[in-house]
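Structure data follow from target09.pdb (PDB, C-alpha atoms):
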ATOM      1  CA  MET A   1      19.196 -79.027  20.263
ATOM      2  CA  GLY A   2      18.317 -75.728  18.660
ATOM      3  CA  VAL A   3      14.811 -74.485  18.123
ATOM      4  CA  GLY A   4      13.637 -74.419  14.512
ATOM      5  CA  LEU A   5      16.095 -77.024  13.222
ATOM      6  CA  ALA A   6      13.420 -79.172  11.608
ATOM      7  CA  LYS A   7      14.518 -81.970   9.337
ATOM      8  CA  PRO A   8      13.711 -81.168   5.703
ATOM      9  CA  ARG A   9      10.741 -83.053   4.275
ATOM     10  CA  TYR A  10      11.583 -86.130   2.205
ATOM     11  CA  ARG A  11      11.239 -85.672  -1.549
ATOM     12  CA  VAL A  12      10.928 -88.630  -3.884
ATOM     13  CA  ASP A  13      13.905 -89.011  -6.220
ATOM     14  CA  LEU A  14      11.905 -89.900  -9.334
ATOM     15  CA  CYS A  15      14.955 -90.402 -11.542
ATOM     16  CA  GLY A  16      16.591 -92.727  -9.023
ATOM     17  CA  LEU A  17      13.365 -94.673  -8.427
ATOM     18  CA  GLN A  18      12.769 -95.015 -12.170
ATOM     19  CA  ALA A  19      16.336 -96.256 -12.744
ATOM     20  CA  THR A  20      15.946 -98.864  -9.993
ATOM     21  CA  CYS A  21      12.574-100.008 -11.374
ATOM     22  CA  GLU A  22      13.979-100.281 -14.908
ATOM     23  CA  ALA A  23      16.961-102.335 -13.710
ATOM     24  CA  ASN A  24      14.634-104.563 -11.667
ATOM     25  CA  TYR A  25      12.496-105.151 -14.756
ATOM     26  CA  TYR A  26      15.433-106.532 -16.719
ATOM     27  CA  ARG A  27      16.603-108.619 -13.753
ATOM     28  CA  LEU A  28      13.098-110.063 -13.308
ATOM     29  CA  LEU A  29      12.566-110.636 -17.021
ATOM     30  CA  ARG A  30      15.335-113.242 -16.955
ATOM     31  CA  LEU A  31      13.525-115.105 -14.174
ATOM     32  CA  LEU A  32       9.929-114.977 -15.376
ATOM     33  CA  PRO A  33       8.536-118.200 -16.805
ATOM     34  CA  ALA A  34       8.124-118.281 -20.591
ATOM     35  CA  GLU A  35       4.444-119.068 -20.118
ATOM     36  CA  ARG A  36       3.132-116.299 -17.924
ATOM     37  CA  CYS A  37      -0.412-116.714 -16.731
ATOM     38  CA  ALA A  38      -2.029-116.390 -13.328
ATOM     39  CA  GLY A  39      -1.116-119.294 -11.095
ATOM     40  CA  VAL A  40       2.284-120.055 -12.639
ATOM     41  CA  VAL A  41       5.061-120.510 -10.079
ATOM     42  CA  ARG A  42       8.824-120.561 -10.491
ATOM     43  CA  GLU A  43      11.215-121.507  -7.713
ATOM     44  CA  LEU A  44      14.948-120.938  -7.636
ATOM     45  CA  GLN A  45      17.265-122.543  -5.135
ATOM     46  CA  LEU A  46      19.912-120.211  -3.731
ATOM     47  CA  ALA A  47      23.190-121.994  -3.052
ATOM     48  CA  ARG A  48      26.876-121.312  -3.347
ATOM     49  CA  ASP A  49      29.990-123.281  -2.434
ATOM     50  CA  GLY A  50      27.880-126.042  -0.915
ATOM     51  CA  LEU A  51      25.907-123.649   1.327
ATOM     52  CA  ASP A  52      22.113-123.566   1.083
ATOM     53  CA  PHE A  53      20.681-120.029   1.343
ATOM     54  CA  GLY A  54      17.057-121.062   0.823
ATOM     55  CA  ARG A  55      14.880-120.473  -2.206
ATOM     56  CA  MET A  56      13.162-117.651  -4.003
ATOM     57  CA  ARG A  57       9.615-118.220  -5.187
ATOM     58  CA  LEU A  58       7.951-116.180  -7.925
ATOM     59  CA  ASP A  59       4.153-116.487  -8.101
ATOM     60  CA  VAL A  60       2.343-114.889 -11.042
ATOM     61  CA  LEU A  61      -0.831-113.516  -9.443
ATOM     62  CA  GLU A  62      -2.208-111.596 -12.436
ATOM     63  CA  GLU A  63      -1.292-111.415 -16.092
ATOM     64  CA  CYS A  64      -2.638-108.724 -18.411
ATOM     65  CA  PRO A  65      -1.428-107.633 -21.862
ATOM     66  CA  TYR A  66       0.812-104.861 -20.502
ATOM     67  CA  THR A  67       1.269-105.727 -16.828
ATOM     68  CA  SER A  68       1.944-108.647 -14.533
ATOM     69  CA  VAL A  69       1.539-108.824 -10.777
ATOM     70  CA  LEU A  70       3.990-111.072  -8.971
ATOM     71  CA  GLN A  71       4.480-112.139  -5.404
ATOM     72  CA  ILE A  72       8.130-112.776  -4.677
ATOM     73  CA  SER A  73       9.017-114.559  -1.470
ATOM     74  CA  LEU A  74      12.309-115.653  -0.019
ATOM     75  CA  HIS A  75      12.151-118.895   1.951
ATOM     76  CA  SER A  76      15.176-119.249   4.182
ATOM     77  CA  ALA A  77      16.945-122.491   4.914
ATOM     78  CA  LEU A  78      16.644-121.436   8.565
ATOM     79  CA  ALA A  79      13.162-122.289   9.818
ATOM     80  CA  TRP A  80      13.136-119.556  12.477
ATOM     81  CA  LEU A  81      13.539-116.708   9.959
ATOM     82  CA  PRO A  82      10.311-115.109   8.719
ATOM     83  CA  THR A  83       9.484-115.341   5.010
ATOM     84  CA  PRO A  84       9.622-111.867   3.433
ATOM     85  CA  ARG A  85       7.093-111.315   0.625
ATOM     86  CA  LEU A  86       7.032-108.501  -1.906
ATOM     87  CA  LEU A  87       4.167-107.669  -4.239
ATOM     88  CA  VAL A  88       5.665-106.468  -7.533
ATOM     89  CA  ARG A  89       3.833-104.911 -10.464
ATOM     90  CA  VAL A  90       5.680-105.422 -13.757
ATOM     91  CA  TYR A  91       4.902-102.885 -16.488
ATOM     92  CA  HIS A  92       5.910-104.553 -19.770
ATOM     93  CA  ASP A  93       5.080-101.513 -21.907
ATOM     94  CA  ALA A  94       7.204 -99.151 -19.761
ATOM     95  CA  ARG A  95       9.800-101.858 -18.979
ATOM     96  CA  MET A  96       9.642-101.230 -15.236
ATOM     97  CA  ALA A  97       9.060-103.413 -12.159
ATOM     98  CA  GLU A  98       7.912-101.632  -9.012
ATOM     99  CA  VAL A  99       7.339-102.953  -5.504
ATOM    100  CA  GLY A 100       3.765-102.050  -4.651
ATOM    101  CA  GLY A 101       3.270-103.939  -1.412
ATOM    102  CA  MET A 102       4.837-106.187   1.174
ATOM    103  CA  GLN A 103       3.809-108.751   3.777
ATOM    104  CA  GLY A 104       0.094-108.454   2.966
ATOM    105  CA  LEU A 105       0.119-104.654   2.557
ATOM    106  CA  ARG A 106      -1.373-104.168  -0.905
ATOM    107  CA  TYR A 107      -0.398-100.541  -1.515
ATOM    108  CA  LEU A 108       2.594 -98.375  -0.650
ATOM    109  CA  HIS A 109       2.667 -94.592  -0.951
ATOM    110  CA  GLY A 110       5.591 -92.872  -2.638
ATOM    111  CA  ALA A 111       6.437 -90.993   0.562
ATOM    112  CA  TYR A 112       5.245 -91.020   4.155
ATOM    113  CA  GLY A 113       5.177 -88.332   6.790
ATOM    114  CA  TYR A 114       7.212 -89.306   9.801
ATOM    115  CA  PRO A 115       6.327 -90.408  12.375
ATOM    116  CA  ASN A 116       3.230 -92.248  11.190
ATOM    117  CA  GLN A 117       0.958 -94.888  12.706
ATOM    118  CA  ALA A 118       2.356 -97.762  10.634
ATOM    119  CA  MET A 119       5.946 -96.611  11.320
ATOM    120  CA  HIS A 120       6.863 -96.576   7.634
ATOM    121  CA  GLN A 121      10.049 -94.769   6.748
ATOM    122  CA  PRO A 122       9.594 -91.592   4.659
ATOM    123  CA  ASP A 123      11.274 -93.373   1.699
ATOM    124  CA  GLU A 124       9.794 -96.846   2.362
ATOM    125  CA  LYS A 125       8.901 -97.483  -1.289
ATOM    126  CA  ALA A 126      12.366 -96.526  -2.544
ATOM    127  CA  GLN A 127      13.965 -98.743   0.116
ATOM    128  CA  LEU A 128      11.825-101.731  -0.886
ATOM    129  CA  ASN A 129      12.676-101.299  -4.569
ATOM    130  CA  GLY A 130      16.361-101.250  -3.600
ATOM    131  CA  TYR A 131      15.762-104.358  -1.482
ATOM    132  CA  LEU A 132      14.240-106.120  -4.504
ATOM    133  CA  ALA A 133      17.316-105.153  -6.535
ATOM    134  CA  GLU A 134      19.528-106.764  -3.877
ATOM    135  CA  TRP A 135      17.407-109.940  -3.880
ATOM    136  CA  LEU A 136      17.590-110.209  -7.641
ATOM    137  CA  GLY A 137      21.343-109.631  -7.517
ATOM    138  CA  GLN A 138      21.677-112.522  -5.063
ATOM    139  CA  VAL A 139      19.604-114.763  -7.335
ATOM    140  CA  ARG A 140      21.921-113.864 -10.187
ATOM    141  CA  GLU A 141      24.941-114.793  -8.051
ATOM    142  CA  CYS A 142      23.584-117.889  -6.315
ATOM    143  CA  GLY A 143      20.506-119.037  -8.236
ATOM    144  CA  VAL A 144      20.062-122.625  -9.317
ATOM    145  CA  GLY A 145      16.840-123.593 -11.081
ATOM    146  CA  SER A 146      14.591-126.207  -9.539
ATOM    147  CA  GLU A 147      13.350-126.815 -13.063
ATOM    148  CA  ALA A 148      14.981-126.528 -16.480
ATOM    149  CA  LEU A 149      15.601-122.792 -16.823
ATOM    150  CA  ASP A 150      16.640-120.752 -19.800
ATOM    151  CA  VAL A 151      18.448-118.364 -17.462
ATOM    152  CA  ASP A 152      22.166-117.718 -17.723
ATOM    153  CA  PHE A 153      23.199-116.659 -14.215
ATOM    154  CA  SER A 154      26.812-116.094 -15.177
ATOM    155  CA  SER A 155      26.347-112.925 -17.212
TER
END

What do you get writing this file as structure tokens?
Amino acid sequence: MGVGLAKPRYRVDLCGLQATCEANYYRLLRLLPAERCAGVVRELQLARDGLDFGRMRLDVLEECPYTSVLQISLHSALAWLPTPRLLVRVYHDARMAEVGGMQGLRYLHGAYGYPNQAMHQPDEKAQLNGYLAEWLGQVRECGVGSEALDVDFSS
């Protein structure tokens, strides 16, 4: 290994992050309950071809005129798997949904130095927003409402 071959510092791709957050907003908008106020919960069963993949739960934690704060958790059909939880802030005026926290961590920085004490990846926030996009894509593919939903999962 040569001396002076330091890895370049991570730089946030603002355009990419914004595009992901905008797409996540529109994906989430289809799943949010019509009546959004703190305490409202929506659950979606994830199943396909007779296989149960668990359920996604959306909890509205806060509702303000221009923003909502949601906790999204994925409860697996396998009891031994941990339940991942994402804290998502939805900006209705900007039409963006951004992951702001996870598993009890209330705030994520845009970039982290590496290594760091918490062992976050340099692009942890971007990775979590991509992870949310994958979750929402799975709900679109496999989601079945546990209540009467006005969501068309086929389009």

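Shortest separation to Val60 in chain A among A:Ala111, A:Leu32, A:Ala77, A:Leu44 occurs at residue A:Leu32, atoms counted being only C-alpha atoms.
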
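Ranking A:Leu17, A:Leu86, A:Ile72, A:Leu128 by their shortest atom-to-atom distance to Leu31 in chain A, with only C-alpha atoms included, puts A:Ile72 first.
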
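Atom pair CA of Gln138 in chain A / CA of Arg36 in chain A has a distance of 22.9 Å (rounded to one decimal).
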
Next on the checklist: Restricting the calculation to all atoms listed in the file: of A:Pro8, A:Tyr66, A:Gly143, A:Lys125, which residue gets closest to Met96 in chain A?
Outcome noted: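 For Met96 in chain A, the nearest of the given residues is A:Tyr66.
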
Next on the checklist: So, with only C-alpha atoms as the atoms that count, which of A:Asp13, A:Arg42, A:Leu74, A:Gln18 lies closest to Leu136 in chain A?
Outcome noted: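 Counting only C-alpha atoms, the residue closest to Leu136 in chain A is A:Leu74.
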
Next on the checklist: For a test of reading the model, state the distance in Å between CA of Arg55 in chain A and CA of Ser73 in chain A, rounded to one decimal.
Outcome noted: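 Pair CA of Arg55 in chain A / CA of Ser73 in chain A returns 8.4 Å.
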
Checklist entry - In Å to one decimal, how far is CA of Ala118 in chain A from CA of Gly101 in chain A? => result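 About the pair CA of Gly101 in chain A and CA of Ala118 in chain A: they are 13.6 Å apart.
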
Checklist entry - Pick the closest to Val40 in chain A from A:Glu141, A:Glu22, A:Asp52, A:Asp59: which is it, counting only C-alpha atoms? => result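 Between A:Glu141, A:Glu22, A:Asp52, A:Asp59, the residue approaching Val40 in chain A most closely is A:Asp59.
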
Next on the checklist: I'd like the residues picked by the PyMOL selection byres ((chain A and resi 84) around 12) written out as a list of chain:residue names, using the chain letters and numbers from the file.
Outcome noted: A:Arg55, A:Met56, A:Arg57, A:Gln71, A:Ile72, A:Ser73, A:Leu74, A:His75, A:Ser76, A:Leu81, A:Pro82, A:Thr83, A:Arg85, A:Leu86, A:Leu87, A:Gly101, A:Met102, A:Gln103, A:Gly104, A:Leu105, A:Leu128, A:Tyr131, A:Leu132, A:Trp135

Checklist entry - Need the neighbours of (6.0, -100.8, -10.6): which residues are at most 7 Å away, counting all atoms listed in the file, as a PyMOL selection string? => result chain A and resi 21+88-91+96-100

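Considering only C-alpha atoms, the residue among A:Leu70, A:Gln121, A:Gly39, A:Tyr25 positioned nearest to Arg9 in chain A is A:Gln121.
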
Once you add 8 Å to each side, what are the centre and edge lengths of the axis-aligned box holding all listed atoms of range 136-143 of chain A? One decimal in Å, as JSON, if you can.
{"center_x": 21.3, "center_y": -114.3, "center_z": -7.6, "size_x": 23.4, "size_y": 25.4, "size_z": 21.1}

Checklist entry - Within 6 Å of Ala38 in chain A, counting all atoms listed in the file, which residues qualify if same-chain residues fewer than 4 places away don't, as a list in words? => result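 In the requested form, the answer reads Val60, Leu61, Glu62 and Glu63 of chain A.
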